[in-house]
Structure formats: structure tokens, C-alpha cells
Amino acid sequence: MIEIAYVVLGLAAVLFAGRAIAGPSLSDRVIGIDGVIVSGMSIIIVNAMDTGRGAFLPAAVVLALVSFVGTSVVARFIEGRGE
Amino acid sequence: MRTAAVVVVLAAIWVLLWGSASVANIVTGVLVGTALVMLVPGLRGTKQPLVIRPIAIARLLGHFLVDLIRSNIVLTREIIAPRSRIHTAIVGVELPGCSDELLTAITNLLALAPGTMPVEMSVDPVVLYVHVLHLEDVEEVRREVRRLTDLAYAAFAPAERNPS
Amino acid sequence: MIGQAITLIGAVLVLLGAVGVLRFPDPLARMHALTKASTVGVGLVAIGSAFVLPTANDITSAIGAALLQFLTLPISASLLARVTYHARGIPSRVDAVDELADRSPPRP
């Protein structure tokens, strides 16, 4: 069943990246990148379940913080530029 | 809550991030918590005792969990449906007399609740504008937001008058 | 077994969020899909992993990551929604009542 989770999450990452590439505005792209980061966090956790080695799990914590800070900074940037 | 409780919470977060509750981690956590409370001006606790109302918090959590499940069901139906029924709107809800912390908590809860996303907030008078995905009835949205405010107020606020 | 099932449900939720972000017509609506579906999806993946992961250190890291995401994603999404609505270059589609239309954007 873990392999199905891998495939599902990989597909989700690709779809989010599609929105990041195609989105007409900057907000769409940052939503797409945020989604890629969420998919990445989930894949890290699933990989820890699969191999039994949790060496990469602190990276998931860091990814959550990075996505929050990054999205907020881009929001400030859009506010300043108005577009 | 009091300053000692703030230090305990910070030390607990530190120990949680380090993973194991060894003596070194706990001591370092208390040191880091104390340093943060001394350095960051807004982190000092108030003199009010910590009031825990387990029933009110349990009701809020129950409402929140039901909201989470409902929002995912609604969203799933919307995503799978071949023709989208999206009918967006922005509704303003007046919440007189809410404190800043209560507004923050309500904004976060509304972002996870079904169909609503807080967009803007005005401070004077206190109005919260939410963006709705399926608009059926404007007053229904206002009632829902006020019910959430009541639950959050009953769970967290010290003994004052009810804002709504 | 049950841990893997919960994780699979969480993964499907993240995928539904991705489909929603791709399908919805408007940045504000796409934010709805991201915060509601994907956040709960990551939470379920972490809860499922708590049944399977061997050491307590790993379990607290996974649950901590999901909890952090849960706490911070609504904040950043609301901030982004506010800025997207007020930005002149980004068209936001509002079908019905718009009670915010006549207010000028507040100064940063």
C-alpha cells in the first residue's frame, strides 16, 4: 500500500507544479509552490514509514517553516508591487 | 497565563523538537525559554491565572473536527463534480468587542472551516470579511461565524461580557 | 495496516487538493482547496505514520511537522488572500455580494 501512496503523492506534486508553471498571476504560482512543499513533506513522512529510518523527518519540520515564511514574504512583495 | 507557564510551554516545544526528553534537553529548554521571555518584550505573561475550561474547549474542538470533516467532504464534491457550482462572494461580519487574540484564533479556525476564507479585517469598527465559495444565504454565513466566535469566546476568554 | 490505510487516505486528500488547485477558476478559490484539503491530508499522513514508525523520536518529529503546518498554513493563506484581493493586477472573480468593494485598501 505504500507504493500507492508514493504514486498518489508524486501525482499531486506534479499537478501542483503544473499550477505553479501555468498560473497567470504570482499568487497562483506561490500557491502551486506551497502545494509542492506540502507534497514533499508527505513524501518524506511516507518514506520514513517505508524504510523505517527517520533520518529525514526533521527536514519535514524545516519545510513547514520554510513554506510559511516564503509564502508570507511573497505576499508582502505582491502588496508592495500591486501585481 | 503567567510567565512561568510561558517558560514551561517554550521548554516543552524545545524538548518536542529535539525528540527525547533527556535531562540535558529539559535543562537547555528551560534556559532557552527563560532567555526568550527576557529578550522578547511581548512574551511576558499577564498576572491573570490560567483558566482552563475543559468542557468549553472540548466543545470547540468537537465543532472544529466536525468542521474539518465537513469542509473536506464539501470540497471533494466540488472538485469531482463535472460542472462547478462555485458562486463566490465576500461577506462582512461585525464582531464588536473582540480582543486581538480572539480575532486571530477565529481567523485561523475560519480558514479551515468549510467554504470560508477570511480575506480582510477592519479594526474600527471590528468587521471580519470572509470569502465564501458557495453562497446560498448571506445571513447564514454571518450566523456561522458568530457561532464560532461564541464557542471560541466560551473556551478561551477570561470572565468578561460576551461580545455578541 | 491501519496506519498505512490512514496515510493512504491522507495522500488522496493531498491529491484532491492538487486537483482543486488546478481546476478552480480563481486564485482565491484555489487557496480554499490548498488550505482545507492539503493541510488535513498532511495531518492524516502524520497520524498514520504514528502507527508504523519505530522510535518515539520519529513520531514526534512527524507529528510536529504536521502540527506546524496546521498552525501556519491558515495564517499565510489568509495573508495571501488579502493581498491578492487588493492587488490591481490580479483579477479576482466575485460572483455575488461583495461587501468589500467600496473600501479602499489599507495602507501597509
# chains A, B, ... in the order shown; residues from 1 in each chain; ligands from 1

$ residues_around --residues "Gly82 in chain A" --least-positions-apart "6" --cutoff "9 Å" --atoms "only C-alpha atoms" --output "PyMOL selection string"
chain C and resi 83-84+86-90

$ residues_around --residues "range 1-14 of chain C" --least-positions-apart "4" --cutoff "7 Å" --atoms "only C-alpha atoms" --output "mmCIF file with all heavy atoms, in the first residue's frame"
data_model
loop_
_atom_site.group_PDB
_atom_site.id
_atom_site.type_symbol
_atom_site.label_atom_id
_atom_site.label_comp_id
_atom_site.auth_asym_id
_atom_site.auth_seq_id
_atom_site.Cartn_x
_atom_site.Cartn_y
_atom_site.Cartn_z
ATOM 1 N N MET A 1 0.821 -1.218 0.000
ATOM 2 C CA MET A 1 0.000 0.000 0.000
ATOM 3 C C MET A 1 0.845 1.254 0.000
ATOM 4 O O MET A 1 0.378 2.328 -0.379
ATOM 5 C CB MET A 1 -0.901 -0.031 1.244
ATOM 6 C CG MET A 1 -2.303 0.434 0.944
ATOM 7 S SD MET A 1 -3.286 0.570 2.429
ATOM 8 C CE MET A 1 -3.774 -1.113 2.684
ATOM 9 N N ILE A 2 2.077 1.119 0.446
ATOM 10 C CA ILE A 2 2.924 2.306 0.492
ATOM 11 C C ILE A 2 3.236 2.781 -0.911
ATOM 12 O O ILE A 2 3.328 3.983 -1.164
ATOM 13 C CB ILE A 2 4.233 1.983 1.259
ATOM 14 C CG1 ILE A 2 3.929 1.749 2.722
ATOM 15 C CG2 ILE A 2 5.206 3.103 1.133
ATOM 16 C CD1 ILE A 2 3.689 2.990 3.512
ATOM 17 N N ALA A 5 0.709 5.118 -2.116
ATOM 18 C CA ALA A 5 0.849 6.445 -1.518
ATOM 19 C C ALA A 5 1.930 7.245 -2.236
ATOM 20 O O ALA A 5 1.769 8.446 -2.481
ATOM 21 C CB ALA A 5 1.170 6.324 -0.027
ATOM 22 N N VAL A 8 0.454 8.405 -5.581
ATOM 23 C CA VAL A 8 -0.558 9.448 -5.382
ATOM 24 C C VAL A 8 0.107 10.781 -5.046
ATOM 25 O O VAL A 8 -0.230 11.837 -5.604
ATOM 26 C CB VAL A 8 -1.534 9.005 -4.273
ATOM 27 C CG1 VAL A 8 -2.329 10.161 -3.757
ATOM 28 C CG2 VAL A 8 -2.449 7.923 -4.786
ATOM 29 N N LEU A 9 1.079 10.739 -4.135
ATOM 30 C CA LEU A 9 1.734 11.991 -3.736
ATOM 31 C C LEU A 9 2.602 12.553 -4.856
ATOM 32 O O LEU A 9 2.692 13.782 -5.006
ATOM 33 C CB LEU A 9 2.569 11.755 -2.480
ATOM 34 C CG LEU A 9 1.713 11.588 -1.235
ATOM 35 C CD1 LEU A 9 2.549 11.121 -0.069
ATOM 36 C CD2 LEU A 9 1.034 12.895 -0.899
ATOM 37 N N ALA A 12 0.289 14.317 -7.104
ATOM 38 C CA ALA A 12 -0.129 15.594 -6.513
ATOM 39 C C ALA A 12 0.959 16.646 -6.690
ATOM 40 O O ALA A 12 0.670 17.811 -7.012
ATOM 41 C CB ALA A 12 -0.446 15.411 -5.024
ATOM 42 N N ALA C 18 -4.616 19.043 -4.875
ATOM 43 C CA ALA C 18 -3.899 19.401 -6.099
ATOM 44 C C ALA C 18 -4.863 19.545 -7.274
ATOM 45 O O ALA C 18 -4.756 20.487 -8.075
ATOM 46 C CB ALA C 18 -2.845 18.339 -6.409
ATOM 47 N N ALA C 37 -7.906 21.022 1.995
ATOM 48 C CA ALA C 37 -7.643 19.620 1.678
ATOM 49 C C ALA C 37 -6.224 19.214 2.027
ATOM 50 O O ALA C 37 -6.005 18.193 2.678
ATOM 51 C CB ALA C 37 -7.912 19.368 0.202
ATOM 52 N N SER C 38 -5.247 20.004 1.606
ATOM 53 C CA SER C 38 -3.873 19.545 1.759
ATOM 54 C C SER C 38 -3.403 19.581 3.200
ATOM 55 O O SER C 38 -2.628 18.727 3.617
ATOM 56 C CB SER C 38 -2.950 20.396 0.897
ATOM 57 O OG SER C 38 -3.298 20.220 -0.447
ATOM 58 N N GLY C 41 -4.749 16.611 4.762
ATOM 59 C CA GLY C 41 -4.062 15.457 4.182
ATOM 60 C C GLY C 41 -2.734 15.182 4.862
ATOM 61 O O GLY C 41 -2.426 14.041 5.225
ATOM 62 N N VAL C 42 -1.928 16.242 5.058
ATOM 63 C CA VAL C 42 -0.646 16.054 5.733
ATOM 64 C C VAL C 42 -0.850 15.583 7.168
ATOM 65 O O VAL C 42 -0.116 14.728 7.680
ATOM 66 C CB VAL C 42 0.156 17.371 5.699
ATOM 67 C CG1 VAL C 42 1.295 17.338 6.665
ATOM 68 C CG2 VAL C 42 0.692 17.598 4.327
ATOM 69 N N LEU C 44 -3.293 13.729 8.302
ATOM 70 C CA LEU C 44 -3.634 12.306 8.303
ATOM 71 C C LEU C 44 -2.419 11.447 7.982
ATOM 72 O O LEU C 44 -2.258 10.358 8.555
ATOM 73 C CB LEU C 44 -4.744 12.036 7.291
ATOM 74 C CG LEU C 44 -6.144 12.398 7.775
ATOM 75 C CD1 LEU C 44 -7.154 12.041 6.720
ATOM 76 C CD2 LEU C 44 -6.449 11.672 9.058
ATOM 77 N N VAL C 45 -1.563 11.910 7.067
ATOM 78 C CA VAL C 45 -0.344 11.156 6.769
ATOM 79 C C VAL C 45 0.510 11.015 8.030
ATOM 80 O O VAL C 45 1.043 9.939 8.336
ATOM 81 C CB VAL C 45 0.446 11.842 5.641
ATOM 82 C CG1 VAL C 45 1.844 11.304 5.535
ATOM 83 C CG2 VAL C 45 -0.262 11.652 4.321
ATOM 84 N N GLY C 48 -1.167 8.583 10.481
ATOM 85 C CA GLY C 48 -0.958 7.209 10.038
ATOM 86 C C GLY C 48 0.457 6.735 10.306
ATOM 87 O O GLY C 48 0.676 5.573 10.647
ATOM 88 N N SER C 49 1.418 7.659 10.181
ATOM 89 C CA SER C 49 2.796 7.253 10.409
ATOM 90 C C SER C 49 3.056 6.947 11.867
ATOM 91 O O SER C 49 3.986 6.203 12.203
ATOM 92 C CB SER C 49 3.751 8.344 9.941
ATOM 93 O OG SER C 49 3.828 9.367 10.902
ATOM 94 N N PHE C 51 1.455 5.069 13.722
ATOM 95 C CA PHE C 51 1.237 3.648 13.990
ATOM 96 C C PHE C 51 2.398 2.793 13.499
ATOM 97 O O PHE C 51 2.542 1.644 13.907
ATOM 98 C CB PHE C 51 -0.038 3.176 13.285
ATOM 99 C CG PHE C 51 -1.285 3.735 13.878
ATOM 100 C CD1 PHE C 51 -1.832 4.904 13.385
ATOM 101 C CD2 PHE C 51 -1.908 3.105 14.927
ATOM 102 C CE1 PHE C 51 -2.982 5.418 13.929
ATOM 103 C CE2 PHE C 51 -3.060 3.617 15.467
ATOM 104 C CZ PHE C 51 -3.601 4.771 14.969
ATOM 105 N N VAL C 52 3.187 3.313 12.578
ATOM 106 C CA VAL C 52 4.163 2.472 11.889
ATOM 107 C C VAL C 52 5.590 2.783 12.293
ATOM 108 O O VAL C 52 6.425 1.890 12.335
ATOM 109 C CB VAL C 52 3.994 2.647 10.352
ATOM 110 C CG1 VAL C 52 5.037 1.871 9.597
ATOM 111 C CG2 VAL C 52 2.605 2.207 9.951
#

$ closest_residue --among "B:Ala152, B:Met38, B:Val126, B:Ala89" --to "chain C" --atoms "only C-alpha atoms"
B:Ala89

$ closest_residue --among "A:Ala59, A:Val73, A:Val66, A:Leu11" --to "chain B" --atoms "only C-alpha atoms"
A:Ala59

$ interface_residues --of "chain A" --to "chain B" --cutoff "12 Å" --atoms "only C-alpha atoms" --output "list in words"
Gly54, Leu57, Pro58, Ala59, Ala60, Val61 and Val62 of chain A

$ residues_around --residues "Pro74 in chain C" --least-positions-apart "6" --cutoff "12 Å" --atoms "only C-alpha atoms" --output "PDB file with C-alpha atoms, in the first residue's frame"
ATOM      1  CA  SER A  67       6.897  27.346   3.250  1.00  0.00           C
ATOM      2  CA  PHE A  68       5.247  29.604   5.820  1.00  0.00           C
ATOM      3  CA  THR A  71       4.564  32.485   1.312  1.00  0.00           C
ATOM      4  CA  SER A  72       4.360  35.413   3.723  1.00  0.00           C
TER       5      SER A  72
ATOM      6  CA  THR B 104      -6.569  35.673  15.489  1.00  0.00           C
ATOM      7  CA  ALA B 105      -7.983  32.382  16.736  1.00  0.00           C
ATOM      8  CA  ILE B 106     -11.226  32.903  14.814  1.00  0.00           C
ATOM      9  CA  THR B 107      -9.353  33.817  11.634  1.00  0.00           C
ATOM     10  CA  ASN B 108      -7.329  30.623  11.819  1.00  0.00           C
ATOM     11  CA  LEU B 109     -10.394  28.487  12.537  1.00  0.00           C
ATOM     12  CA  LEU B 110     -12.324  30.085   9.687  1.00  0.00           C
ATOM     13  CA  ALA B 111      -9.519  29.347   7.239  1.00  0.00           C
ATOM     14  CA  LEU B 112     -10.011  25.634   7.920  1.00  0.00           C
ATOM     15  CA  ALA B 113     -13.817  25.696   8.134  1.00  0.00           C
ATOM     16  CA  THR B 116     -14.990  30.258   4.200  1.00  0.00           C
ATOM     17  CA  MET B 117     -11.657  32.040   3.985  1.00  0.00           C
ATOM     18  CA  PRO B 118     -11.001  35.282   5.846  1.00  0.00           C
ATOM     19  CA  VAL B 119      -9.824  37.983   3.473  1.00  0.00           C
TER      20      VAL B 119
ATOM     21  CA  MET C  31      -6.468  28.952  -1.753  1.00  0.00           C
ATOM     22  CA  HIS C  32      -9.586  27.306  -0.358  1.00  0.00           C
ATOM     23  CA  ALA C  33      -8.524  23.998  -1.897  1.00  0.00           C
ATOM     24  CA  LEU C  34      -4.970  24.255  -0.652  1.00  0.00           C
ATOM     25  CA  THR C  35      -5.691  25.092   2.976  1.00  0.00           C
ATOM     26  CA  LYS C  36      -8.587  22.763   3.543  1.00  0.00           C
ATOM     27  CA  ALA C  37      -7.643  19.620   1.678  1.00  0.00           C
ATOM     28  CA  SER C  38      -3.873  19.545   1.759  1.00  0.00           C
ATOM     29  CA  THR C  39      -3.442  20.547   5.386  1.00  0.00           C
ATOM     30  CA  VAL C  40      -5.768  17.834   6.606  1.00  0.00           C
ATOM     31  CA  LEU C  67       1.118  20.357  13.585  1.00  0.00           C
ATOM     32  CA  LEU C  68       3.379  23.181  12.468  1.00  0.00           C
ATOM     33  CA  LEU C  80      -2.045  35.898   0.624  1.00  0.00           C
ATOM     34  CA  ALA C  81      -5.824  36.094   0.135  1.00  0.00           C
TER      35      ALA C  81
END

$ closest_residue --among "B:Pro114, B:Asp137, B:Val37, B:Ser84" --to "Val66 in chain B" --atoms "only C-alpha atoms"
B:Pro114
